[in-house]
file final-v3.txt (compact mmCIF, N, CA and C atoms)
# COMPACT_ATOMS: atom_id res chain seq x y z
N MET A 85 -30.06 68.91 0.30
CA MET A 85 -29.32 68.50 1.46
C MET A 85 -29.53 67.01 1.73
N LYS A 86 -30.81 66.58 1.59
CA LYS A 86 -31.11 65.18 1.81
C LYS A 86 -30.37 64.30 0.81
N LYS A 87 -30.28 64.77 -0.42
CA LYS A 87 -29.60 64.00 -1.45
C LYS A 87 -28.11 63.86 -1.14
N VAL A 88 -27.52 64.93 -0.63
CA VAL A 88 -26.10 64.91 -0.29
C VAL A 88 -25.87 63.93 0.86
N MET A 89 -26.74 63.96 1.86
CA MET A 89 -26.62 63.06 3.02
C MET A 89 -26.77 61.61 2.59
N MET A 90 -27.73 61.37 1.71
CA MET A 90 -27.94 60.00 1.24
C MET A 90 -26.73 59.52 0.43
N ALA A 91 -26.17 60.40 -0.37
CA ALA A 91 -25.01 60.05 -1.18
C ALA A 91 -23.81 59.73 -0.27
N VAL A 92 -23.63 60.53 0.81
CA VAL A 92 -22.53 60.30 1.74
C VAL A 92 -22.73 58.96 2.46
N LEU A 93 -23.95 58.70 2.90
CA LEU A 93 -24.23 57.44 3.58
C LEU A 93 -24.04 56.25 2.64
N LEU A 94 -24.47 56.40 1.42
CA LEU A 94 -24.31 55.34 0.44
C LEU A 94 -22.83 55.06 0.18
N MET A 95 -22.04 56.09 0.03
CA MET A 95 -20.60 55.94 -0.21
C MET A 95 -19.92 55.30 0.99
N ALA A 96 -20.32 55.70 2.18
CA ALA A 96 -19.73 55.13 3.40
C ALA A 96 -20.06 53.65 3.49
N GLY A 97 -21.28 53.30 3.14
CA GLY A 97 -21.71 51.90 3.18
C GLY A 97 -20.95 51.06 2.16
N LEU A 98 -20.75 51.58 0.97
CA LEU A 98 -20.04 50.85 -0.08
C LEU A 98 -18.55 50.66 0.28
N THR A 99 -17.94 51.68 0.85
CA THR A 99 -16.53 51.54 1.20
C THR A 99 -16.33 50.53 2.32
N GLY A 100 -17.33 50.39 3.17
CA GLY A 100 -17.24 49.38 4.24
C GLY A 100 -17.20 47.97 3.67
N PHE A 101 -17.96 47.74 2.61
CA PHE A 101 -17.96 46.42 1.97
C PHE A 101 -16.69 46.18 1.16
N ALA A 102 -16.06 47.24 0.71
CA ALA A 102 -14.87 47.10 -0.13
C ALA A 102 -13.61 46.79 0.69
N GLN A 103 -13.70 46.90 1.99
CA GLN A 103 -12.54 46.62 2.83
C GLN A 103 -12.14 45.16 2.73
N GLU A 104 -10.83 44.92 2.69
CA GLU A 104 -10.34 43.53 2.66
C GLU A 104 -10.50 42.92 4.03
N LYS A 105 -10.95 41.69 4.03
CA LYS A 105 -11.08 40.98 5.28
C LYS A 105 -9.87 40.07 5.44
N PRO A 106 -9.41 39.88 6.66
CA PRO A 106 -8.27 39.00 6.85
C PRO A 106 -8.63 37.58 6.44
N ALA A 107 -7.66 36.91 5.82
CA ALA A 107 -7.88 35.54 5.37
C ALA A 107 -7.78 34.60 6.56
N VAL A 108 -8.90 34.36 7.19
CA VAL A 108 -8.94 33.46 8.34
C VAL A 108 -9.60 32.18 7.90
N LYS A 109 -8.85 31.08 8.04
CA LYS A 109 -9.41 29.78 7.68
C LYS A 109 -9.95 29.13 8.94
N PRO A 110 -11.02 28.39 8.78
CA PRO A 110 -11.50 27.64 9.94
C PRO A 110 -10.41 26.69 10.42
N GLU A 111 -10.35 26.52 11.71
CA GLU A 111 -9.32 25.67 12.28
C GLU A 111 -9.43 24.25 11.73
N GLY A 112 -8.30 23.67 11.40
CA GLY A 112 -8.28 22.30 10.91
C GLY A 112 -8.35 22.18 9.40
N THR A 113 -8.51 23.30 8.68
CA THR A 113 -8.53 23.21 7.22
C THR A 113 -7.21 23.73 6.68
N LYS A 114 -6.66 22.97 5.76
CA LYS A 114 -5.41 23.37 5.12
C LYS A 114 -5.56 23.24 3.63
N HIS A 115 -4.83 24.04 2.92
CA HIS A 115 -4.79 23.94 1.48
C HIS A 115 -4.00 22.70 1.11
N LYS A 116 -4.28 22.13 -0.05
CA LYS A 116 -3.61 20.91 -0.49
C LYS A 116 -2.09 21.01 -0.41
N THR A 117 -1.56 22.16 -0.80
CA THR A 117 -0.11 22.28 -0.88
C THR A 117 0.56 22.57 0.46
N GLU A 118 -0.23 22.89 1.49
CA GLU A 118 0.36 23.14 2.80
C GLU A 118 0.81 21.83 3.41
N LYS A 119 2.02 21.83 3.94
CA LYS A 119 2.53 20.61 4.55
C LYS A 119 1.89 20.39 5.90
N LYS A 120 1.64 19.13 6.19
CA LYS A 120 1.08 18.76 7.47
C LYS A 120 2.21 18.69 8.48
N ASP A 121 1.86 18.90 9.72
CA ASP A 121 2.85 18.82 10.78
C ASP A 121 2.98 17.36 11.23
N ILE A 122 3.71 16.60 10.42
CA ILE A 122 3.90 15.19 10.72
C ILE A 122 5.33 15.00 11.18
N LYS A 123 5.47 14.37 12.33
CA LYS A 123 6.80 14.09 12.86
C LYS A 123 7.39 12.97 12.04
N LYS A 124 8.56 13.21 11.48
CA LYS A 124 9.22 12.20 10.68
C LYS A 124 9.91 11.22 11.62
N VAL A 125 9.62 9.95 11.42
CA VAL A 125 10.19 8.90 12.25
C VAL A 125 11.41 8.35 11.52
N THR A 126 12.53 8.29 12.22
CA THR A 126 13.77 7.82 11.62
C THR A 126 13.76 6.30 11.50
N PRO A 127 14.59 5.75 10.62
CA PRO A 127 14.70 4.29 10.50
C PRO A 127 15.08 3.64 11.84
N ASP A 128 15.92 4.30 12.61
CA ASP A 128 16.32 3.77 13.91
C ASP A 128 15.11 3.69 14.86
N GLU A 129 14.30 4.74 14.86
CA GLU A 129 13.10 4.75 15.71
C GLU A 129 12.10 3.69 15.25
N GLN A 130 11.97 3.52 13.94
CA GLN A 130 11.07 2.50 13.42
C GLN A 130 11.52 1.10 13.84
N ALA A 131 12.82 0.85 13.73
CA ALA A 131 13.37 -0.46 14.11
C ALA A 131 13.18 -0.71 15.60
N LYS A 132 13.41 0.32 16.42
CA LYS A 132 13.23 0.16 17.87
C LYS A 132 11.76 -0.12 18.21
N GLN A 133 10.85 0.57 17.54
CA GLN A 133 9.43 0.36 17.78
C GLN A 133 9.03 -1.07 17.42
N LEU A 134 9.51 -1.54 16.27
CA LEU A 134 9.20 -2.92 15.88
C LEU A 134 9.85 -3.92 16.83
N ALA A 135 11.03 -3.59 17.33
CA ALA A 135 11.71 -4.49 18.28
C ALA A 135 10.84 -4.68 19.53
N LYS A 136 10.22 -3.59 19.98
CA LYS A 136 9.32 -3.67 21.14
C LYS A 136 8.07 -4.48 20.81
N GLU A 137 7.46 -4.16 19.68
CA GLU A 137 6.19 -4.79 19.32
C GLU A 137 6.33 -6.28 18.99
N LEU A 138 7.44 -6.63 18.32
CA LEU A 138 7.57 -7.99 17.82
C LEU A 138 8.59 -8.84 18.59
N GLY A 139 9.31 -8.22 19.51
CA GLY A 139 10.33 -8.96 20.26
C GLY A 139 11.51 -9.36 19.39
N LEU A 140 12.04 -8.41 18.64
CA LEU A 140 13.16 -8.69 17.74
C LEU A 140 14.47 -8.83 18.51
N ASP A 141 15.36 -9.64 17.97
CA ASP A 141 16.70 -9.71 18.54
C ASP A 141 17.55 -8.60 17.89
N ASP A 142 18.78 -8.43 18.35
CA ASP A 142 19.63 -7.34 17.86
C ASP A 142 19.92 -7.46 16.36
N ALA A 143 20.15 -8.69 15.90
CA ALA A 143 20.46 -8.90 14.48
C ALA A 143 19.26 -8.52 13.61
N GLN A 144 18.06 -8.93 14.02
CA GLN A 144 16.85 -8.58 13.27
C GLN A 144 16.64 -7.07 13.27
N GLN A 145 16.86 -6.46 14.41
CA GLN A 145 16.67 -5.01 14.52
C GLN A 145 17.62 -4.27 13.58
N ALA A 146 18.86 -4.71 13.50
CA ALA A 146 19.86 -4.08 12.62
C ALA A 146 19.45 -4.23 11.15
N LYS A 147 18.97 -5.42 10.77
CA LYS A 147 18.55 -5.65 9.38
C LYS A 147 17.33 -4.78 9.03
N ILE A 148 16.42 -4.67 9.97
CA ILE A 148 15.22 -3.87 9.71
C ILE A 148 15.57 -2.39 9.63
N LYS A 149 16.49 -1.95 10.45
CA LYS A 149 16.93 -0.55 10.38
C LYS A 149 17.53 -0.27 9.00
N ALA A 150 18.36 -1.20 8.51
CA ALA A 150 18.95 -1.04 7.18
C ALA A 150 17.87 -1.04 6.09
N LEU A 151 16.88 -1.87 6.26
CA LEU A 151 15.78 -1.94 5.30
C LEU A 151 14.99 -0.63 5.26
N TYR A 152 14.68 -0.08 6.43
CA TYR A 152 13.97 1.20 6.48
C TYR A 152 14.84 2.34 5.93
N THR A 153 16.13 2.28 6.15
CA THR A 153 17.04 3.30 5.60
C THR A 153 17.03 3.24 4.08
N GLU A 154 17.08 2.04 3.54
CA GLU A 154 17.04 1.85 2.09
C GLU A 154 15.72 2.36 1.52
N GLN A 155 14.63 2.05 2.19
CA GLN A 155 13.31 2.50 1.75
C GLN A 155 13.23 4.03 1.74
N GLU A 156 13.78 4.64 2.77
CA GLU A 156 13.76 6.11 2.87
C GLU A 156 14.53 6.74 1.70
N LYS A 157 15.68 6.15 1.35
CA LYS A 157 16.48 6.67 0.23
C LYS A 157 15.73 6.53 -1.09
N GLN A 158 15.06 5.39 -1.28
CA GLN A 158 14.30 5.18 -2.52
C GLN A 158 13.17 6.20 -2.64
N ARG A 159 12.48 6.43 -1.55
CA ARG A 159 11.36 7.37 -1.60
C ARG A 159 11.84 8.81 -1.78
N ALA A 160 12.99 9.13 -1.21
CA ALA A 160 13.53 10.49 -1.37
C ALA A 160 13.93 10.74 -2.83
N ALA A 161 14.28 9.69 -3.54
CA ALA A 161 14.69 9.83 -4.94
C ALA A 161 13.51 9.77 -5.91
N ASN A 162 12.31 9.49 -5.42
CA ASN A 162 11.14 9.35 -6.28
C ASN A 162 10.66 10.73 -6.75
N PRO A 163 10.76 11.02 -8.06
CA PRO A 163 10.37 12.35 -8.54
C PRO A 163 8.88 12.65 -8.37
N ASP A 164 8.03 11.62 -8.47
CA ASP A 164 6.59 11.85 -8.29
C ASP A 164 6.27 12.26 -6.86
N LEU A 165 6.97 11.66 -5.89
CA LEU A 165 6.74 12.05 -4.50
C LEU A 165 7.19 13.48 -4.26
N LYS A 166 8.30 13.87 -4.88
CA LYS A 166 8.78 15.25 -4.74
C LYS A 166 7.75 16.23 -5.31
N LYS A 167 7.18 15.89 -6.47
CA LYS A 167 6.16 16.75 -7.07
C LYS A 167 4.94 16.85 -6.17
N MET A 168 4.53 15.70 -5.63
CA MET A 168 3.36 15.67 -4.77
C MET A 168 3.57 16.54 -3.53
N GLU A 169 4.76 16.46 -2.94
CA GLU A 169 5.06 17.26 -1.75
C GLU A 169 5.02 18.75 -2.05
N LYS A 170 5.40 19.12 -3.28
CA LYS A 170 5.41 20.53 -3.67
C LYS A 170 4.03 20.99 -4.14
N GLY A 171 3.09 20.06 -4.27
CA GLY A 171 1.76 20.41 -4.74
C GLY A 171 1.67 20.50 -6.25
N GLU A 172 2.66 19.96 -6.95
CA GLU A 172 2.68 20.00 -8.41
C GLU A 172 1.92 18.80 -8.98
N GLN A 173 1.61 18.88 -10.26
CA GLN A 173 0.93 17.78 -10.94
C GLN A 173 1.88 16.59 -11.06
N HIS A 174 1.32 15.40 -10.86
CA HIS A 174 2.10 14.18 -11.01
C HIS A 174 1.17 13.06 -11.43
N ASP A 175 1.75 11.98 -11.90
CA ASP A 175 0.97 10.84 -12.39
C ASP A 175 0.61 9.94 -11.23
N HIS A 176 -0.64 10.05 -10.75
CA HIS A 176 -1.09 9.27 -9.59
C HIS A 176 -1.02 7.78 -9.86
N ALA A 177 -1.47 7.36 -11.02
CA ALA A 177 -1.52 5.92 -11.33
C ALA A 177 -0.12 5.33 -11.36
N ALA A 178 0.81 6.03 -11.99
CA ALA A 178 2.18 5.53 -12.07
C ALA A 178 2.81 5.49 -10.68
N MET A 179 2.54 6.51 -9.89
CA MET A 179 3.10 6.54 -8.55
C MET A 179 2.52 5.41 -7.70
N ASP A 180 1.22 5.19 -7.79
CA ASP A 180 0.59 4.09 -7.04
C ASP A 180 1.18 2.75 -7.44
N ALA A 181 1.36 2.53 -8.75
CA ALA A 181 1.92 1.27 -9.23
C ALA A 181 3.34 1.08 -8.71
N LYS A 182 4.12 2.14 -8.76
CA LYS A 182 5.51 2.06 -8.29
C LYS A 182 5.56 1.78 -6.79
N MET A 183 4.68 2.45 -6.04
CA MET A 183 4.66 2.25 -4.58
C MET A 183 4.22 0.83 -4.23
N LYS A 184 3.26 0.29 -4.96
CA LYS A 184 2.82 -1.08 -4.71
C LYS A 184 3.96 -2.06 -4.95
N LYS A 185 4.72 -1.83 -6.02
CA LYS A 185 5.85 -2.69 -6.35
C LYS A 185 6.92 -2.60 -5.26
N GLU A 186 7.23 -1.37 -4.82
CA GLU A 186 8.22 -1.18 -3.76
C GLU A 186 7.74 -1.80 -2.45
N ASN A 187 6.45 -1.64 -2.14
CA ASN A 187 5.91 -2.22 -0.90
C ASN A 187 5.95 -3.74 -0.93
N ALA A 188 5.71 -4.34 -2.10
CA ALA A 188 5.77 -5.80 -2.22
C ALA A 188 7.20 -6.29 -1.99
N ALA A 189 8.18 -5.57 -2.54
CA ALA A 189 9.58 -5.94 -2.34
C ALA A 189 9.97 -5.78 -0.87
N PHE A 190 9.50 -4.71 -0.24
CA PHE A 190 9.77 -4.48 1.18
C PHE A 190 9.17 -5.60 2.02
N ASP A 191 7.95 -5.96 1.68
CA ASP A 191 7.24 -7.03 2.38
C ASP A 191 8.02 -8.34 2.30
N ALA A 192 8.52 -8.66 1.11
CA ALA A 192 9.27 -9.90 0.92
C ALA A 192 10.55 -9.90 1.76
N LYS A 193 11.20 -8.74 1.83
CA LYS A 193 12.43 -8.64 2.64
C LYS A 193 12.11 -8.79 4.13
N MET A 194 11.00 -8.20 4.55
CA MET A 194 10.59 -8.34 5.96
C MET A 194 10.30 -9.80 6.29
N LYS A 195 9.68 -10.49 5.35
CA LYS A 195 9.35 -11.90 5.56
C LYS A 195 10.63 -12.72 5.75
N GLY A 196 11.70 -12.33 5.07
CA GLY A 196 12.98 -13.01 5.20
C GLY A 196 13.69 -12.73 6.52
N ILE A 197 13.36 -11.62 7.14
CA ILE A 197 14.03 -11.22 8.39
C ILE A 197 13.26 -11.76 9.61
N LEU A 198 11.94 -11.69 9.56
CA LEU A 198 11.11 -12.04 10.72
C LEU A 198 10.77 -13.53 10.76
N SER A 199 10.47 -14.01 11.96
CA SER A 199 9.96 -15.37 12.10
C SER A 199 8.52 -15.39 11.60
N LYS A 200 7.93 -16.57 11.44
CA LYS A 200 6.54 -16.65 10.96
C LYS A 200 5.58 -15.91 11.89
N GLU A 201 5.77 -16.07 13.19
CA GLU A 201 4.89 -15.41 14.17
C GLU A 201 5.06 -13.89 14.12
N GLN A 202 6.32 -13.46 14.07
CA GLN A 202 6.60 -12.02 14.02
C GLN A 202 6.03 -11.42 12.73
N TYR A 203 6.21 -12.13 11.64
CA TYR A 203 5.73 -11.65 10.34
C TYR A 203 4.20 -11.51 10.36
N ALA A 204 3.52 -12.50 10.91
CA ALA A 204 2.05 -12.46 10.98
C ALA A 204 1.59 -11.27 11.82
N LYS A 205 2.27 -11.04 12.93
CA LYS A 205 1.92 -9.92 13.80
C LYS A 205 2.20 -8.59 13.09
N TRP A 206 3.32 -8.52 12.39
CA TRP A 206 3.69 -7.31 11.65
C TRP A 206 2.65 -7.04 10.55
N GLN A 207 2.27 -8.08 9.81
CA GLN A 207 1.28 -7.94 8.74
C GLN A 207 -0.04 -7.41 9.30
N ALA A 208 -0.46 -7.92 10.43
CA ALA A 208 -1.70 -7.46 11.04
C ALA A 208 -1.63 -5.98 11.39
N SER A 209 -0.49 -5.54 11.91
CA SER A 209 -0.35 -4.13 12.28
C SER A 209 -0.24 -3.23 11.05
N VAL A 210 0.39 -3.71 9.99
CA VAL A 210 0.55 -2.92 8.77
C VAL A 210 -0.79 -2.75 8.05
N LYS A 211 -1.63 -3.74 8.10
CA LYS A 211 -2.91 -3.67 7.39
C LYS A 211 -3.85 -2.66 8.02
N THR A 212 -3.67 -2.32 9.28
CA THR A 212 -4.54 -1.33 9.91
C THR A 212 -4.20 0.09 9.47
N VAL A 213 -2.95 0.35 9.10
CA VAL A 213 -2.54 1.70 8.70
C VAL A 213 -3.21 2.14 7.41
N PRO A 214 -3.15 1.36 6.32
CA PRO A 214 -3.82 1.83 5.10
C PRO A 214 -5.33 2.02 5.28
N ALA A 215 -5.95 1.24 6.13
CA ALA A 215 -7.39 1.38 6.34
C ALA A 215 -7.72 2.77 6.89
N LYS A 216 -6.84 3.33 7.71
CA LYS A 216 -7.06 4.67 8.26
C LYS A 216 -7.02 5.72 7.16
N HIS A 217 -6.14 5.52 6.17
CA HIS A 217 -5.94 6.51 5.12
C HIS A 217 -6.78 6.27 3.88
N GLU A 218 -7.42 5.12 3.79
CA GLU A 218 -8.18 4.76 2.61
C GLU A 218 -9.27 5.77 2.29
N GLY A 219 -10.01 6.21 3.30
CA GLY A 219 -11.07 7.19 3.08
C GLY A 219 -10.53 8.50 2.57
N LYS A 220 -9.41 8.93 3.09
CA LYS A 220 -8.80 10.18 2.66
C LYS A 220 -8.36 10.09 1.21
N LYS A 221 -7.81 8.93 0.82
CA LYS A 221 -7.33 8.74 -0.54
C LYS A 221 -8.49 8.85 -1.53
N HIS A 222 -9.63 8.22 -1.18
CA HIS A 222 -10.78 8.26 -2.07
C HIS A 222 -11.37 9.67 -2.14
N GLU A 223 -11.38 10.40 -1.04
CA GLU A 223 -11.89 11.77 -1.05
C GLU A 223 -11.03 12.64 -1.96
N ALA A 224 -9.70 12.47 -1.87
CA ALA A 224 -8.78 13.26 -2.70
C ALA A 224 -8.98 12.93 -4.17
N ALA A 225 -9.20 11.66 -4.50
CA ALA A 225 -9.41 11.26 -5.89
C ALA A 225 -10.69 11.86 -6.45
N LYS A 226 -11.72 11.95 -5.63
CA LYS A 226 -12.99 12.52 -6.08
C LYS A 226 -12.84 14.01 -6.39
N LYS A 227 -12.03 14.71 -5.61
CA LYS A 227 -11.84 16.15 -5.79
C LYS A 227 -11.05 16.48 -7.03
N SER A 228 -10.11 15.59 -7.44
CA SER A 228 -9.25 15.87 -8.60
C SER A 228 -9.98 15.73 -9.89
call {"tool": "encode", "arguments": {"input": "final-v3.txt", "output": "structure tokens"}}
result
Amino acid sequence: MKKVMMAVLLMAGLTGFAQEKPAVKPEGTKHKTEKKDIKKVTPDEQAKQLAKELGLDDAQQAKIKALYTEQEKQRAANPDLKKMEKGEQHDHAAMDAKMKKENAAFDAKMKGILSKEQYAKWQASVKTVPAKHEGKKHEAAKKS
């Protein structure tokens, strides 16, 4: 009788461990392929924001809106960015090189639109953004 009771208790204990537990992730952790909830800012909103920050006139604002629209189209057509968004393998080095080239061209166009003072102020604000993401980029590179 004792053996039967022990066997029943043992079986009950083992089946308790075999139960599937719900996949609960700690808050704030996401898998690489999960999209972040980032509000997409339109070229019009970007131009308006810069108009406030830099004191742009209407002509400058229109040129900058067109520039951001062009940039958005180029990035939408980038196959490496599409792969990255889907969580697929892509060539990080090639993508970085291409983005640096595109950013340099964008920078040159901005320099042609803005006054020297506006350009200096814009450069200062742009340099703070990559610094925020620099740590994340290095962490991701270490994991790969």
call {"tool": "atom_distance", "arguments": {"input": "final-v3.txt", "atom1": "atom CA of A:Asp128", "atom2": "atom CA of A:Glu154"}}
result
12.0 Å
call {"tool": "atom_distance", "arguments": {"input": "final-v3.txt", "atom1": "atom N of A:Gln133", "atom2": "atom N of A:Asp164"}}
result
28.4 Å
call {"tool": "atom_distance", "arguments": {"input": "final-v3.txt", "atom1": "atom C of A:Ala188", "atom2": "atom CA of A:Leu151"}}
result
12.1 Å
call {"tool": "closest_residue", "arguments": {"input": "final-v3.txt", "among": "A:Val210, A:Ala178, A:Ala160, A:Ala143", "to": "A:Ile197", "atoms": "all atoms listed in the file"}}
result
A:Ala143
call {"tool": "residues_around", "arguments": {"input": "final-v3.txt", "residues": "A:Lys182", "least_positions_apart": "3", "cutoff": "12 Å", "atoms": "only C-alpha atoms", "output": "list in words"}}
result
Gln158, Arg159, Asn162, Pro163, Asp164, Leu165, Asp175, His176, Ala177, Ala178, Met179, Lys185, Glu186, Asn187, Ala188 and Ala189 of chain A
call {"tool": "write_last_selection", "arguments": {"input": "final-v3.txt", "atoms": "N, CA and C atoms", "output": "short mmCIF file (atom, residue, chain, number, x, y, z; two decimals), in the frame of the given file"}}
result
data_model
loop_
_atom_site.label_atom_id
_atom_site.label_comp_id
_atom_site.auth_asym_id
_atom_site.auth_seq_id
_atom_site.Cartn_x
_atom_site.Cartn_y
_atom_site.Cartn_z
N GLN A 158 15.06 5.39 -1.28
CA GLN A 158 14.30 5.18 -2.52
C GLN A 158 13.17 6.20 -2.64
N ARG A 159 12.48 6.43 -1.55
CA ARG A 159 11.36 7.37 -1.60
C ARG A 159 11.84 8.81 -1.78
N ASN A 162 12.31 9.49 -5.42
CA ASN A 162 11.14 9.35 -6.28
C ASN A 162 10.66 10.73 -6.75
N PRO A 163 10.76 11.02 -8.06
CA PRO A 163 10.37 12.35 -8.54
C PRO A 163 8.88 12.65 -8.37
N ASP A 164 8.03 11.62 -8.47
CA ASP A 164 6.59 11.85 -8.29
C ASP A 164 6.27 12.26 -6.86
N LEU A 165 6.97 11.66 -5.89
CA LEU A 165 6.74 12.05 -4.50
C LEU A 165 7.19 13.48 -4.26
N ASP A 175 1.75 11.98 -11.90
CA ASP A 175 0.97 10.84 -12.39
C ASP A 175 0.61 9.94 -11.23
N HIS A 176 -0.64 10.05 -10.75
CA HIS A 176 -1.09 9.27 -9.59
C HIS A 176 -1.02 7.78 -9.86
N ALA A 177 -1.47 7.36 -11.02
CA ALA A 177 -1.52 5.92 -11.33
C ALA A 177 -0.12 5.33 -11.36
N ALA A 178 0.81 6.03 -11.99
CA ALA A 178 2.18 5.53 -12.07
C ALA A 178 2.81 5.49 -10.68
N MET A 179 2.54 6.51 -9.89
CA MET A 179 3.10 6.54 -8.55
C MET A 179 2.52 5.41 -7.70
N LYS A 185 4.72 -1.83 -6.02
CA LYS A 185 5.85 -2.69 -6.35
C LYS A 185 6.92 -2.60 -5.26
N GLU A 186 7.23 -1.37 -4.82
CA GLU A 186 8.22 -1.18 -3.76
C GLU A 186 7.74 -1.80 -2.45
N ASN A 187 6.45 -1.64 -2.14
CA ASN A 187 5.91 -2.22 -0.90
C ASN A 187 5.95 -3.74 -0.93
N ALA A 188 5.71 -4.34 -2.10
CA ALA A 188 5.77 -5.80 -2.22
C ALA A 188 7.20 -6.29 -1.99
N ALA A 189 8.18 -5.57 -2.54
CA ALA A 189 9.58 -5.94 -2.34
C ALA A 189 9.97 -5.78 -0.87
#
call {"tool": "residues_around", "arguments": {"input": "final-v3.txt", "residues": "A:Met194", "least_positions_apart": "6", "cutoff": "10 Å", "atoms": "only C-alpha atoms", "output": "PyMOL selection string"}}
result
chain A and resi 144+147-148+151+188+202-203+206-207
call {"tool": "write_last_selection", "arguments": {"input": "final-v3.txt", "atoms": "N, CA and C atoms", "output": "compact mmCIF listing (two decimals), keeping the file's coordinate frame"}}
result
# COMPACT_ATOMS: atom_id res chain seq x y z
N GLN A 144 18.06 -8.93 14.02
CA GLN A 144 16.85 -8.58 13.27
C GLN A 144 16.64 -7.07 13.27
N LYS A 147 18.97 -5.42 10.77
CA LYS A 147 18.55 -5.65 9.38
C LYS A 147 17.33 -4.78 9.03
N ILE A 148 16.42 -4.67 9.97
CA ILE A 148 15.22 -3.87 9.71
C ILE A 148 15.57 -2.39 9.63
N LEU A 151 16.88 -1.87 6.26
CA LEU A 151 15.78 -1.94 5.30
C LEU A 151 14.99 -0.63 5.26
N ALA A 188 5.71 -4.34 -2.10
CA ALA A 188 5.77 -5.80 -2.22
C ALA A 188 7.20 -6.29 -1.99
N GLN A 202 6.32 -13.46 14.07
CA GLN A 202 6.60 -12.02 14.02
C GLN A 202 6.03 -11.42 12.73
N TYR A 203 6.21 -12.13 11.64
CA TYR A 203 5.73 -11.65 10.34
C TYR A 203 4.20 -11.51 10.36
N TRP A 206 3.32 -8.52 12.39
CA TRP A 206 3.69 -7.31 11.65
C TRP A 206 2.65 -7.04 10.55
N GLN A 207 2.27 -8.08 9.81
CA GLN A 207 1.28 -7.94 8.74
C GLN A 207 -0.04 -7.41 9.30
call {"tool": "residues_around", "arguments": {"input": "final-v3.txt", "residues": "A:Ala150", "least_positions_apart": "4", "cutoff": "9 Å", "atoms": "only C-alpha atoms", "output": "list of chain:residue names"}}
result
A:Pro127, A:Asp128, A:Ala131, A:Gln145, A:Ala146, A:Glu154, A:Gln155
